[in-house]
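Below you'll find the structure, written out as structure tokens, and then a few comments.
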Amino acid sequence: MKQTSQLMDGSNLSPMPPDLNPKAKYRRVLFYKFMRNKTALIGGILIILFIFITIFGSIIAPYDPYTQDIINKLQGPSSDHWFGTDNFGRDIFSRVIHGTSITLFIGFSSVILGATVGVLLGIISGYYGGRIDSIIMRLMDVLLAFPGILLALAIVTILGGSTMNVVYAVAISSIPVFARVVRGSTLSVKKLEYIDAMKALGASDIRIIFKHIFPNITSPLIVQATLYIATAILSASGLSFLGLGAQPPDPEWGAMLSDGRSYLYNAPHVALFPGLAIVVVVLAFNMLGDGLRDAFDPKTKE
Amino acid sequence: MRAVTEENILEIKNLQTSFYTRDFEVKAVDDVTFSIPRQKTLGIVGESGSGKSITSLSILRLIESPGKIIGGEILFKGKNLLGKSEAAMRKIRGNEISMIFQEPMTSLNPTMTIGQQISEAYKIHQGLQKKAATKHAIEMLKLVGIPSPEKRVKQYPFELSGGMRQRVMIAMALACNPDLLIADEPTTALDVTIQAQILELIKDLQSRLGMGVLLITHDLGVVAETCDYVAVMYCGQVVEYADKRSLFKDPKHPYTVGLMRSIPTHDRDLEGDLAVIKGTVPSPDEIPSGCRFAPRCSYATELCKSKLPDLQTYNDVNQIRCWIYSDEWDGDSEVNLHAESESTT
Amino acid sequence: MQNQKVLLKVTNLKQYFPIKGGILGRTVNHVKAVDDISFKVYEGETLSIVGESGCGKSTTGRAILRLDEPSGGQVEFRGEDLLSFSKKKMNAIRKEMQIIFQDPYASINPRQTVRQILTEALEIQNVVPKKERGNRVIELLETVGLGTHQADRMPHVFSGGQRQRIGIARALSVNPKLIVADEAVSALDVSIQAQVINLLTKLQREFKLTYIFISHDLGVVRHISDRIIVMYVGKIVEIADKKSLFENPKHPYTRALLSAIPSTDIDNRPQRIILKGDVPSPIDPPKGCRFHTRCPFATELCRQEEPSLRQTNLMLDGHKAACHHIEEIEAGTHQPSPLTVS
Amino acid sequence: MFKYIIRRLIQTIPVLIGVSLFVFSMMHLVPGDPAQIMAGESAPEQQVENIRERLGLNEPLHVQYLKYVTNAVQGDLGNSVRSGRDVSAEVGARFWVTVELAIYSTILAVFIGLIAGVISATKKYTISDTFIMLIALFGLSMPNFWLGLMLIQWFAIGFDLPGWIPFIEKTSWFKPSGWGSFQQVVLPVITLGTGSAAIIARMTRSSMLDVINQDYIRTARAKGVKERIVIYRHALKNALIPVVTVVGLQFGGLLGGAAITESVFAINGMGKLVIDAIAARDFPIVQGTILVIALLFVFVNLFVDITYRFLNKRIDLD
């Protein structure tokens, strides 16, 4: 409601102790809203946990992920093998643990790559407008014309299947997504009067873009990046599942799942656990992204 | 307080509406009392955050969570609206009490035609069928001065200008011939020449249809043009209530006086600097404990700062919330509010 | 006034914004936001531009500063045509002319402290050596009435009025000659508005500033201006010194505008002229006089021929209006059509 | 409106050119000699040369591209390197399978997503809202290949684990593979539609909440309109406008996502065709299929844009 939002607006309403300095206060308000959003908190904790597992994976994992033990193949979950063993008798729990680093690596690096290019294109497109904008956006339209996983599929076809190539493929498919988000935010920030004030002061385009536009579009960017890590992990594991990504015997979750297809009837755990791992990681990033969106959104000020 | 209830179409007594955040309560409207005589216009003036819009939404009980009406009485034709069921309230809304809003651009549903939106009121409150309702809608459009109404009923809001949309809002509000029209900043979003048209229209329709009007505005000029009575609000309270002549000729509250002085007018030359009210409106979480205007008032004494004055009646009708006019006043015995106050930047 | 130095001379300024459309997305039409206007600004004066929304007053201010590139005309600042300047040369001269905006929330970067905002302004134009910038910031804050303890605060802790002061300090930082105030007090509550207006007039006295004051509020304009331009749908309809404009308006639009403003004087109610209809669109403005669609005095001549700004012998020097019928209306020989006056 | 449709059609041309360029260059961007790759590492020189000849790889690139486009426009997408069959015929035979899969999944997603979203929005911050949104979050986070496998496990195969979950020890309610009968259609449609249903539900909810805060909703309430009518007559119609765009995008996304679902359920659609062809390095098939799916997507988007424009009258018409 208009009246209420007018009333509730204004930082002086923030429920913070008044003696903090403003910058710290701003951060605390953000943190406060963030904490309040428990799903985001759970997401964040899970991600930290996964990063922890990535670092200490070899210590945590009870077995070597590559060591085969044909005698004990396709064993169900037991106290020896928490997640059971696969068709080569490898310990699935250890393989899932080791797979974490591959998954996180693909997720983070593809998004960082894609976002960097996308942000650059989006800012240039939004700030300069006109012909440059049309050209960049038509180019993005071409990339967006390949729906879903198809673009990544096409790129992997060209590059060949490997973990690194999956990163490139997912990164390229994310470029138009970031370019569009950033272009939109740039357009709305560009309209604000303080940008005109900087122009009136004689500031250069570079200064305006990097000092006055970029810092003010980071919130939607961070949200988009977090959510896109989830998407990237799904796409990448999908490609591996199809045999176009990480190659055996790497313990990549999608590839492990693919192995499990043949044993659904007599050893369902082979497909179950890597899949669950993907669900939990993706869920964590989605939760964190949702939470960040709420925290940054001025509309959900409580 | 006016004694005879029958004379007033609306009486508000000690209304309190608060908004809640997780940690504290914002008293947006705090102990507001005023009345509107039948067929008269009351103007509520105040700056943003004074609670004037919340007051108007409270009357129709359109306050939504996290807001809540927590006390007082709203007597409409002598009956307390706060005691009515939601279903009974719905029968009153748009039928006996109608409301128009500030933004004619956003206050109309973009996916419904003008005709559908006006005739809805007839369907709800008079049980009319589509055809009859549309016929009435066309008549209403004619009444509010919209050219070729037969064509307009089939149009969507985006096809109309701002002034036209506000006319449509008025047509919608007056469809069921209400006893009270609440107009919340009806002309703030419009240009002056269009504002003049709309104010003229409201005045004209009021005299023809005989309804009471509650006009909410921040513009003293609009009040002077259209209202019979004026309530001045500050920080969720009425600080002064008076008939128009008294208020403009002899304002009593230091805030009212300051407000009038600080506005440059187009029909008079002013020498030197504008008079100013020092400081700013306190934020809702830092409301002073005494008189709410005390921190900005140049006459404030210890009494003002420590104790909230009551709204007291003088001349039978007019009311004032200020210690200067009470027996307890501890400041100068002769306060001359109308002397040129010292201006500060 | 006439013997004063001309600081800025605007000649035949046009600002057309293209409307894309049609099958190939070409420019099919233009919003003629400002259509061939000329005026002068004298050093040290306050020239106000008033009019209703869409009349082109803000566009004029932005075009003068080249915040949007004008479509045509000249803007001479101290005799040099700004529109012929290269981007670099233009940026250098920007320290001479600054702008204050309407929206106190959108006009400052929410992620910079007050000190950063002001330091950056000083840095861009390099008006004071790096060492002295800190002192200059403090000085600026004091000038606009903000406490120096507030220098390291983020904008969101300030109220609207205080933010407007920050905007003013930023404009002042580069020691400009000319300041365009684009609805600079319109978004403020009345009690705060008076404070900011007083600040603006004080600064003008102190720093010998020239203001182009763009506003729709004729009360404020009467208080602050020396001369006033009234615009209607991209054209200047009347230009006069303050006294002439308010006491002796000549153009029927100016008269209607003045009479439409609600007055707080409850005893002397002037006769109100209620204009019928809406302001026409600047995309396809009416032919002839642009006001003829709403003007109670309009004749066939008005519908055909565009009036130019002119002075009659009843008008003081410098007072001009663009109307074919100034004399007849004044003499009472040309009566308004009855429907439009109440 | 007509003008707008024409303009959008014309705007599509550069995208189509871009898409065809990309698809055309796929074969040439692969490191190494495409003919050699297609023939296989150890293929005799003569066979490689044959392929090169057949595909016209000896000609200059622009000539090849022009030929490719000219042929494509006439419905000739070349021949499979492996089977020698006409690509258009191969794709055409599988076209409807994929489109059917995507359509059924979209219908399922829209149906569930809209209902869940509206319930969530009208009961915001209640337990049912939280529950629905939690399910949606899961739906969004589930890889559909895993969901597919799990569905097969539970509803088509069962477990070889006596006493573990006895009642589904051996299930054959639905079929784990193929396309056509009801028993074959259900599981792939759920697999493919779940993610979209989640997205549509979330979108509908936030759009509804946005609309409910609009001024015109307050106007309706001030008029005395019943809350139920406020929601369904005044709010829903406005809230659905942005959802339309999402539905369109989802349908396209499902066309692409079908690749994985088809491969899980061994459905002979375009998706499986392209994946098998990638494995076989059969470039003409890969190119042809990707081109067809991309074109289909571009036109679906065009259609959605026009619908959106039609629904959202607030966008000024030229």
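Please note that chains go A, B, ... in the order of the structure tokens, that every chain numbers its residues from 1, and that ligands are numbered from 1 in the order shown.
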
Give me, as a PyMOL selection string, the contact residues of chain C against chain B at a cut-off of 8 Å, counting only C-alpha atoms. chain C and resi 52-53+145+189-192+194-199+201+218-223+246+256-258+260-266+274-276+278

How close does chain C get to chain A? List, as CSV, each residue of chain C within 10 Å, its nearest atom pair and the distance in Å to one decimal, counting only C-alpha atoms.
```
residue,atom,partner,partner_atom,distance
C:Arg62,CA,A:Asp196,CA,9.2
C:Leu65,CA,A:Ala200,CA,7.0
C:Arg66,CA,A:Ala200,CA,8.3
C:Leu67,CA,A:Asp196,CA,6.8
C:Asp68,CA,A:Asp196,CA,9.6
C:Lys87,CA,A:Gly202,CA,9.1
C:Lys88,CA,A:Gly202,CA,8.6
C:Lys89,CA,A:Gly202,CA,9.7
C:Met90,CA,A:Gly202,CA,7.7
C:Asn91,CA,A:Gly202,CA,4.3
C:Ala92,CA,A:Gly202,CA,6.8
C:Ile93,CA,A:Gly202,CA,8.3
C:Arg94,CA,A:Leu201,CA,5.9
C:Lys95,CA,A:Leu201,CA,6.4
C:Glu96,CA,A:Leu201,CA,9.4
C:Met97,CA,A:Ala200,CA,7.9
C:Gln98,CA,A:Ala200,CA,6.2
C:Ile99,CA,A:Ala197,CA,6.9
C:Ile100,CA,A:Ala197,CA,7.8
C:Phe101,CA,A:Glu193,CA,6.8
C:Gln102,CA,A:Glu193,CA,8.4
C:Asp103,CA,A:Glu193,CA,7.5
C:Pro104,CA,A:Glu193,CA,9.0
C:Tyr105,CA,A:Glu193,CA,8.8
C:Ala106,CA,A:Leu192,CA,5.3
C:Ser107,CA,A:Tyr194,CA,4.1
C:Ile108,CA,A:Tyr194,CA,4.8
C:Asn109,CA,A:Tyr194,CA,5.9
C:Pro110,CA,A:Asn216,CA,8.1
C:Arg111,CA,A:Asn216,CA,7.4
C:Gln112,CA,A:His212,CA,9.1
C:Thr113,CA,A:Lys23,CA,8.8
C:Ile117,CA,A:Met198,CA,9.8
C:Glu120,CA,A:Ala203,CA,9.3
C:Ala121,CA,A:Leu201,CA,6.6
C:Leu122,CA,A:Leu201,CA,9.1
C:Glu123,CA,A:Ala203,CA,9.6
C:Ile124,CA,A:Ala203,CA,6.1
C:Gln125,CA,A:Leu201,CA,7.2
C:Asp152,CA,A:Pro22,CA,8.3
C:Arg153,CA,A:Pro22,CA,5.7
C:Met154,CA,A:Pro22,CA,6.1
C:Pro155,CA,A:Pro22,CA,9.0
C:His156,CA,A:Ser11,CA,6.2
C:Val157,CA,A:Ser11,CA,6.0
C:Phe158,CA,A:Ser11,CA,8.5
C:Ser159,CA,A:Gly10,CA,8.3
C:Gly160,CA,A:Gly10,CA,9.9
C:Gly167,CA,A:Ala197,CA,8.7
C:Arg170,CA,A:Ala197,CA,8.7
C:Ala171,CA,A:Leu201,CA,8.0
C:Ser173,CA,A:Leu201,CA,9.7
C:Val174,CA,A:Leu201,CA,8.1
```

Could you please select, counting only C-alpha atoms, the residues of chain D within 9 Å of chain B and state them as a PDB file with N, CA, C and O atoms, in the first residue's frame?
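The result, written out as selection-v1.pdb:
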```pdb
ATOM      1  N   GLN D 214      -1.023  -3.039  -5.854  1.00  0.00           N
ATOM      2  CA  GLN D 214      -1.227  -1.904  -6.736  1.00  0.00           C
ATOM      3  C   GLN D 214      -2.376  -1.018  -6.258  1.00  0.00           C
ATOM      4  O   GLN D 214      -3.277  -1.465  -5.556  1.00  0.00           O
ATOM      5  N   ASP D 215      -2.315   0.231  -6.674  1.00  0.00           N
ATOM      6  CA  ASP D 215      -3.351   1.191  -6.283  1.00  0.00           C
ATOM      7  C   ASP D 215      -4.749   0.753  -6.724  1.00  0.00           C
ATOM      8  O   ASP D 215      -5.725   0.960  -6.025  1.00  0.00           O
ATOM      9  N   TYR D 216      -4.840   0.156  -7.922  1.00  0.00           N
ATOM     10  CA  TYR D 216      -6.185  -0.151  -8.407  1.00  0.00           C
ATOM     11  C   TYR D 216      -6.860  -1.273  -7.629  1.00  0.00           C
ATOM     12  O   TYR D 216      -8.078  -1.411  -7.660  1.00  0.00           O
ATOM     13  N   ILE D 217      -6.062  -2.069  -6.935  1.00  0.00           N
ATOM     14  CA  ILE D 217      -6.661  -3.084  -6.067  1.00  0.00           C
ATOM     15  C   ILE D 217      -7.301  -2.391  -4.863  1.00  0.00           C
ATOM     16  O   ILE D 217      -8.406  -2.720  -4.437  1.00  0.00           O
ATOM     17  N   ARG D 218      -6.615  -1.381  -4.360  1.00  0.00           N
ATOM     18  CA  ARG D 218      -7.187  -0.588  -3.270  1.00  0.00           C
ATOM     19  C   ARG D 218      -8.469   0.104  -3.744  1.00  0.00           C
ATOM     20  O   ARG D 218      -9.459   0.159  -3.021  1.00  0.00           O
ATOM     21  N   THR D 219      -8.450   0.591  -4.980  1.00  0.00           N
ATOM     22  CA  THR D 219      -9.651   1.211  -5.535  1.00  0.00           C
ATOM     23  C   THR D 219     -10.815   0.221  -5.520  1.00  0.00           C
ATOM     24  O   THR D 219     -11.921   0.561  -5.120  1.00  0.00           O
ATOM     25  N   ALA D 220     -10.530  -1.010  -5.944  1.00  0.00           N
ATOM     26  CA  ALA D 220     -11.591  -2.017  -5.984  1.00  0.00           C
ATOM     27  C   ALA D 220     -12.129  -2.276  -4.584  1.00  0.00           C
ATOM     28  O   ALA D 220     -13.340  -2.364  -4.375  1.00  0.00           O
ATOM     29  N   ARG D 221     -11.227  -2.378  -3.622  1.00  0.00           N
ATOM     30  CA  ARG D 221     -11.681  -2.617  -2.245  1.00  0.00           C
ATOM     31  C   ARG D 221     -12.503  -1.447  -1.743  1.00  0.00           C
ATOM     32  O   ARG D 221     -13.512  -1.627  -1.069  1.00  0.00           O
ATOM     33  N   ALA D 222     -12.067  -0.225  -2.096  1.00  0.00           N
ATOM     34  CA  ALA D 222     -12.779   0.968  -1.649  1.00  0.00           C
ATOM     35  C   ALA D 222     -14.171   1.031  -2.274  1.00  0.00           C
ATOM     36  O   ALA D 222     -15.033   1.753  -1.812  1.00  0.00           O
ATOM     37  N   LYS D 223     -14.345   0.291  -3.353  1.00  0.00           N
ATOM     38  CA  LYS D 223     -15.636   0.264  -4.034  1.00  0.00           C
ATOM     39  C   LYS D 223     -16.575  -0.722  -3.355  1.00  0.00           C
ATOM     40  O   LYS D 223     -17.759  -0.770  -3.652  1.00  0.00           O
ATOM     41  N   GLY D 224     -16.039  -1.551  -2.465  1.00  0.00           N
ATOM     42  CA  GLY D 224     -16.856  -2.537  -1.785  1.00  0.00           C
ATOM     43  C   GLY D 224     -16.869  -3.888  -2.469  1.00  0.00           C
ATOM     44  O   GLY D 224     -17.756  -4.697  -2.240  1.00  0.00           O
ATOM     45  N   VAL D 225     -15.887  -4.143  -3.325  1.00  0.00           N
ATOM     46  CA  VAL D 225     -15.825  -5.424  -4.025  1.00  0.00           C
ATOM     47  C   VAL D 225     -15.383  -6.510  -3.047  1.00  0.00           C
ATOM     48  O   VAL D 225     -14.511  -6.297  -2.220  1.00  0.00           O
ATOM     49  N   LYS D 226     -16.025  -7.667  -3.156  1.00  0.00           N
ATOM     50  CA  LYS D 226     -15.674  -8.789  -2.280  1.00  0.00           C
ATOM     51  C   LYS D 226     -14.246  -9.243  -2.548  1.00  0.00           C
ATOM     52  O   LYS D 226     -13.787  -9.251  -3.681  1.00  0.00           O
ATOM     53  N   HIS D 234     -10.028  -8.734 -10.443  1.00  0.00           N
ATOM     54  CA  HIS D 234      -9.175  -7.561 -10.588  1.00  0.00           C
ATOM     55  C   HIS D 234      -7.684  -7.894 -10.620  1.00  0.00           C
ATOM     56  O   HIS D 234      -6.930  -7.285 -11.349  1.00  0.00           O
ATOM     57  N   ALA D 235      -7.278  -8.852  -9.801  1.00  0.00           N
ATOM     58  CA  ALA D 235      -5.842  -9.103  -9.675  1.00  0.00           C
ATOM     59  C   ALA D 235      -5.328 -10.131 -10.674  1.00  0.00           C
ATOM     60  O   ALA D 235      -4.346  -9.896 -11.363  1.00  0.00           O
ATOM     61  N   LYS D 237      -6.059 -11.336 -13.605  1.00  0.00           N
ATOM     62  CA  LYS D 237      -5.864 -11.031 -15.023  1.00  0.00           C
ATOM     63  C   LYS D 237      -4.582 -10.212 -15.231  1.00  0.00           C
ATOM     64  O   LYS D 237      -3.807 -10.475 -16.140  1.00  0.00           O
ATOM     65  N   ASN D 238      -4.387  -9.245 -14.354  1.00  0.00           N
ATOM     66  CA  ASN D 238      -3.175  -8.439 -14.466  1.00  0.00           C
ATOM     67  C   ASN D 238      -1.927  -9.243 -14.125  1.00  0.00           C
ATOM     68  O   ASN D 238      -0.875  -9.062 -14.719  1.00  0.00           O
ATOM     69  N   LEU D 311      -2.166  -8.801 -24.799  1.00  0.00           N
ATOM     70  CA  LEU D 311      -2.728  -8.789 -23.440  1.00  0.00           C
ATOM     71  C   LEU D 311      -2.394  -7.505 -22.717  1.00  0.00           C
ATOM     72  O   LEU D 311      -3.194  -6.944 -21.993  1.00  0.00           O
ATOM     73  N   ASN D 312      -1.170  -7.044 -22.893  1.00  0.00           N
ATOM     74  CA  ASN D 312      -0.718  -5.891 -22.149  1.00  0.00           C
ATOM     75  C   ASN D 312      -0.966  -4.627 -22.953  1.00  0.00           C
ATOM     76  O   ASN D 312      -0.079  -4.081 -23.590  1.00  0.00           O
ATOM     77  N   LYS D 313      -2.177  -4.168 -22.878  1.00  0.00           N
ATOM     78  CA  LYS D 313      -2.550  -3.020 -23.699  1.00  0.00           C
ATOM     79  C   LYS D 313      -1.843  -1.753 -23.256  1.00  0.00           C
ATOM     80  O   LYS D 313      -1.867  -0.742 -23.924  1.00  0.00           O
ATOM     81  N   ARG D 314      -1.236  -1.820 -22.062  1.00  0.00           N
ATOM     82  CA  ARG D 314      -0.600  -0.598 -21.565  1.00  0.00           C
ATOM     83  C   ARG D 314       0.627  -0.215 -22.379  1.00  0.00           C
ATOM     84  O   ARG D 314       1.036   0.910 -22.407  1.00  0.00           O
ATOM     85  N   ILE D 315       1.243  -1.227 -23.028  1.00  0.00           N
ATOM     86  CA  ILE D 315       2.362  -0.886 -23.891  1.00  0.00           C
ATOM     87  C   ILE D 315       1.796  -0.083 -25.046  1.00  0.00           C
ATOM     88  O   ILE D 315       0.903  -0.547 -25.744  1.00  0.00           O
ATOM     89  N   ASP D 316       2.287   1.094 -25.235  1.00  0.00           N
ATOM     90  CA  ASP D 316       1.733   1.937 -26.291  1.00  0.00           C
ATOM     91  C   ASP D 316       1.898   1.283 -27.649  1.00  0.00           C
ATOM     92  O   ASP D 316       2.953   0.782 -27.999  1.00  0.00           O
TER      93      ASP D 316
END
```

Interface list for chain B, partner chain A, 10 Å threshold, only C-alpha atoms, as a ChimeraX atom specification: /B:19-24,26,28,48-54,57,62-67,282-286

Save the residues we just selected, N, CA and C atoms, as a PDB file, in the first residue's frame?
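Okay, result_21.pdb is ready:
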```pdb
ATOM      1  N   PHE B  19       1.316   1.077  12.858  1.00  0.00           N
ATOM      2  CA  PHE B  19       1.974   0.098  11.999  1.00  0.00           C
ATOM      3  C   PHE B  19       3.047  -0.587  12.818  1.00  0.00           C
ATOM      4  N   TYR B  20       3.186  -1.860  12.575  1.00  0.00           N
ATOM      5  CA  TYR B  20       4.118  -2.606  13.400  1.00  0.00           C
ATOM      6  C   TYR B  20       5.287  -3.122  12.587  1.00  0.00           C
ATOM      7  N   THR B  21       6.473  -2.871  13.036  1.00  0.00           N
ATOM      8  CA  THR B  21       7.636  -3.553  12.503  1.00  0.00           C
ATOM      9  C   THR B  21       7.966  -4.602  13.551  1.00  0.00           C
ATOM     10  N   ARG B  22       8.970  -5.389  13.270  1.00  0.00           N
ATOM     11  CA  ARG B  22       9.295  -6.455  14.188  1.00  0.00           C
ATOM     12  C   ARG B  22       9.620  -5.899  15.577  1.00  0.00           C
ATOM     13  N   ASP B  23      10.199  -4.725  15.583  1.00  0.00           N
ATOM     14  CA  ASP B  23      10.741  -4.263  16.853  1.00  0.00           C
ATOM     15  C   ASP B  23       9.964  -3.154  17.522  1.00  0.00           C
ATOM     16  N   PHE B  24       9.221  -2.395  16.767  1.00  0.00           N
ATOM     17  CA  PHE B  24       8.479  -1.336  17.449  1.00  0.00           C
ATOM     18  C   PHE B  24       7.225  -0.943  16.676  1.00  0.00           C
ATOM     19  N   VAL B  26       4.814   2.015  15.065  1.00  0.00           N
ATOM     20  CA  VAL B  26       4.784   3.378  14.550  1.00  0.00           C
ATOM     21  C   VAL B  26       3.355   3.885  14.677  1.00  0.00           C
ATOM     22  N   ALA B  28       1.063   5.901  13.474  1.00  0.00           N
ATOM     23  CA  ALA B  28       0.861   6.758  12.305  1.00  0.00           C
ATOM     24  C   ALA B  28      -0.267   7.746  12.540  1.00  0.00           C
ATOM     25  N   SER B  48       4.069  15.318   4.441  1.00  0.00           N
ATOM     26  CA  SER B  48       4.138  13.870   4.331  1.00  0.00           C
ATOM     27  C   SER B  48       4.527  13.288   5.687  1.00  0.00           C
ATOM     28  N   GLY B  49       3.888  12.174   6.028  1.00  0.00           N
ATOM     29  CA  GLY B  49       4.157  11.558   7.315  1.00  0.00           C
ATOM     30  C   GLY B  49       3.294  12.099   8.430  1.00  0.00           C
ATOM     31  N   SER B  50       2.356  12.989   8.112  1.00  0.00           N
ATOM     32  CA  SER B  50       1.525  13.548   9.174  1.00  0.00           C
ATOM     33  C   SER B  50       0.371  12.616   9.523  1.00  0.00           C
ATOM     34  N   GLY B  51       0.158  11.598   8.707  1.00  0.00           N
ATOM     35  CA  GLY B  51      -0.890  10.620   9.015  1.00  0.00           C
ATOM     36  C   GLY B  51      -2.221  10.930   8.366  1.00  0.00           C
ATOM     37  N   LYS B  52      -2.239  11.893   7.452  1.00  0.00           N
ATOM     38  CA  LYS B  52      -3.520  12.278   6.876  1.00  0.00           C
ATOM     39  C   LYS B  52      -4.104  11.190   5.969  1.00  0.00           C
ATOM     40  N   SER B  53      -3.254  10.554   5.178  1.00  0.00           N
ATOM     41  CA  SER B  53      -3.762   9.490   4.316  1.00  0.00           C
ATOM     42  C   SER B  53      -4.157   8.257   5.114  1.00  0.00           C
ATOM     43  N   ILE B  54      -3.385   7.952   6.150  1.00  0.00           N
ATOM     44  CA  ILE B  54      -3.722   6.790   6.981  1.00  0.00           C
ATOM     45  C   ILE B  54      -5.086   7.020   7.646  1.00  0.00           C
ATOM     46  N   LEU B  57      -7.742   6.229   5.084  1.00  0.00           N
ATOM     47  CA  LEU B  57      -7.888   4.792   4.837  1.00  0.00           C
ATOM     48  C   LEU B  57      -8.517   4.107   6.054  1.00  0.00           C
ATOM     49  N   LEU B  62      -9.568   0.328   5.412  1.00  0.00           N
ATOM     50  CA  LEU B  62      -8.751  -0.276   4.356  1.00  0.00           C
ATOM     51  C   LEU B  62      -7.296  -0.383   4.775  1.00  0.00           C
ATOM     52  N   ILE B  63      -7.047  -0.285   6.069  1.00  0.00           N
ATOM     53  CA  ILE B  63      -5.675  -0.422   6.560  1.00  0.00           C
ATOM     54  C   ILE B  63      -5.287  -1.895   6.505  1.00  0.00           C
ATOM     55  N   GLU B  64      -4.130  -2.145   5.901  1.00  0.00           N
ATOM     56  CA  GLU B  64      -3.718  -3.534   5.787  1.00  0.00           C
ATOM     57  C   GLU B  64      -2.525  -3.828   6.670  1.00  0.00           C
ATOM     58  N   SER B  65      -2.366  -5.092   6.963  1.00  0.00           N
ATOM     59  CA  SER B  65      -1.214  -5.526   7.742  1.00  0.00           C
ATOM     60  C   SER B  65       0.061  -4.976   7.086  1.00  0.00           C
ATOM     61  N   PRO B  66       1.050  -4.517   7.817  1.00  0.00           N
ATOM     62  CA  PRO B  66       1.213  -4.551   9.270  1.00  0.00           C
ATOM     63  C   PRO B  66       0.536  -3.404  10.013  1.00  0.00           C
ATOM     64  N   GLY B  67      -0.424  -2.757   9.383  1.00  0.00           N
ATOM     65  CA  GLY B  67      -1.110  -1.671  10.067  1.00  0.00           C
ATOM     66  C   GLY B  67      -2.373  -2.165  10.754  1.00  0.00           C
ATOM     67  N   PRO B 282      10.021  14.919  12.755  1.00  0.00           N
ATOM     68  CA  PRO B 282      10.732  13.791  13.382  1.00  0.00           C
ATOM     69  C   PRO B 282      10.336  12.472  12.731  1.00  0.00           C
ATOM     70  N   SER B 283      11.275  11.547  12.673  1.00  0.00           N
ATOM     71  CA  SER B 283      10.946  10.257  12.084  1.00  0.00           C
ATOM     72  C   SER B 283      10.067   9.486  13.072  1.00  0.00           C
ATOM     73  N   PRO B 284       9.276   8.554  12.541  1.00  0.00           N
ATOM     74  CA  PRO B 284       8.249   7.918  13.379  1.00  0.00           C
ATOM     75  C   PRO B 284       8.803   7.194  14.607  1.00  0.00           C
ATOM     76  N   ASP B 285      10.095   6.874  14.610  1.00  0.00           N
ATOM     77  CA  ASP B 285      10.605   6.198  15.799  1.00  0.00           C
ATOM     78  C   ASP B 285      11.231   7.165  16.802  1.00  0.00           C
ATOM     79  N   GLU B 286      11.157   8.443  16.489  1.00  0.00           N
ATOM     80  CA  GLU B 286      11.745   9.415  17.418  1.00  0.00           C
ATOM     81  C   GLU B 286      10.734  10.491  17.775  1.00  0.00           C
TER      82      GLU B 286
END
```

CA of Ser207 in chain B and CA of Ile74 in chain B are how many Å apart?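 Atom-to-atom, CA of Ser207 in chain B to CA of Ile74 in chain B, that is 24.5 Å.
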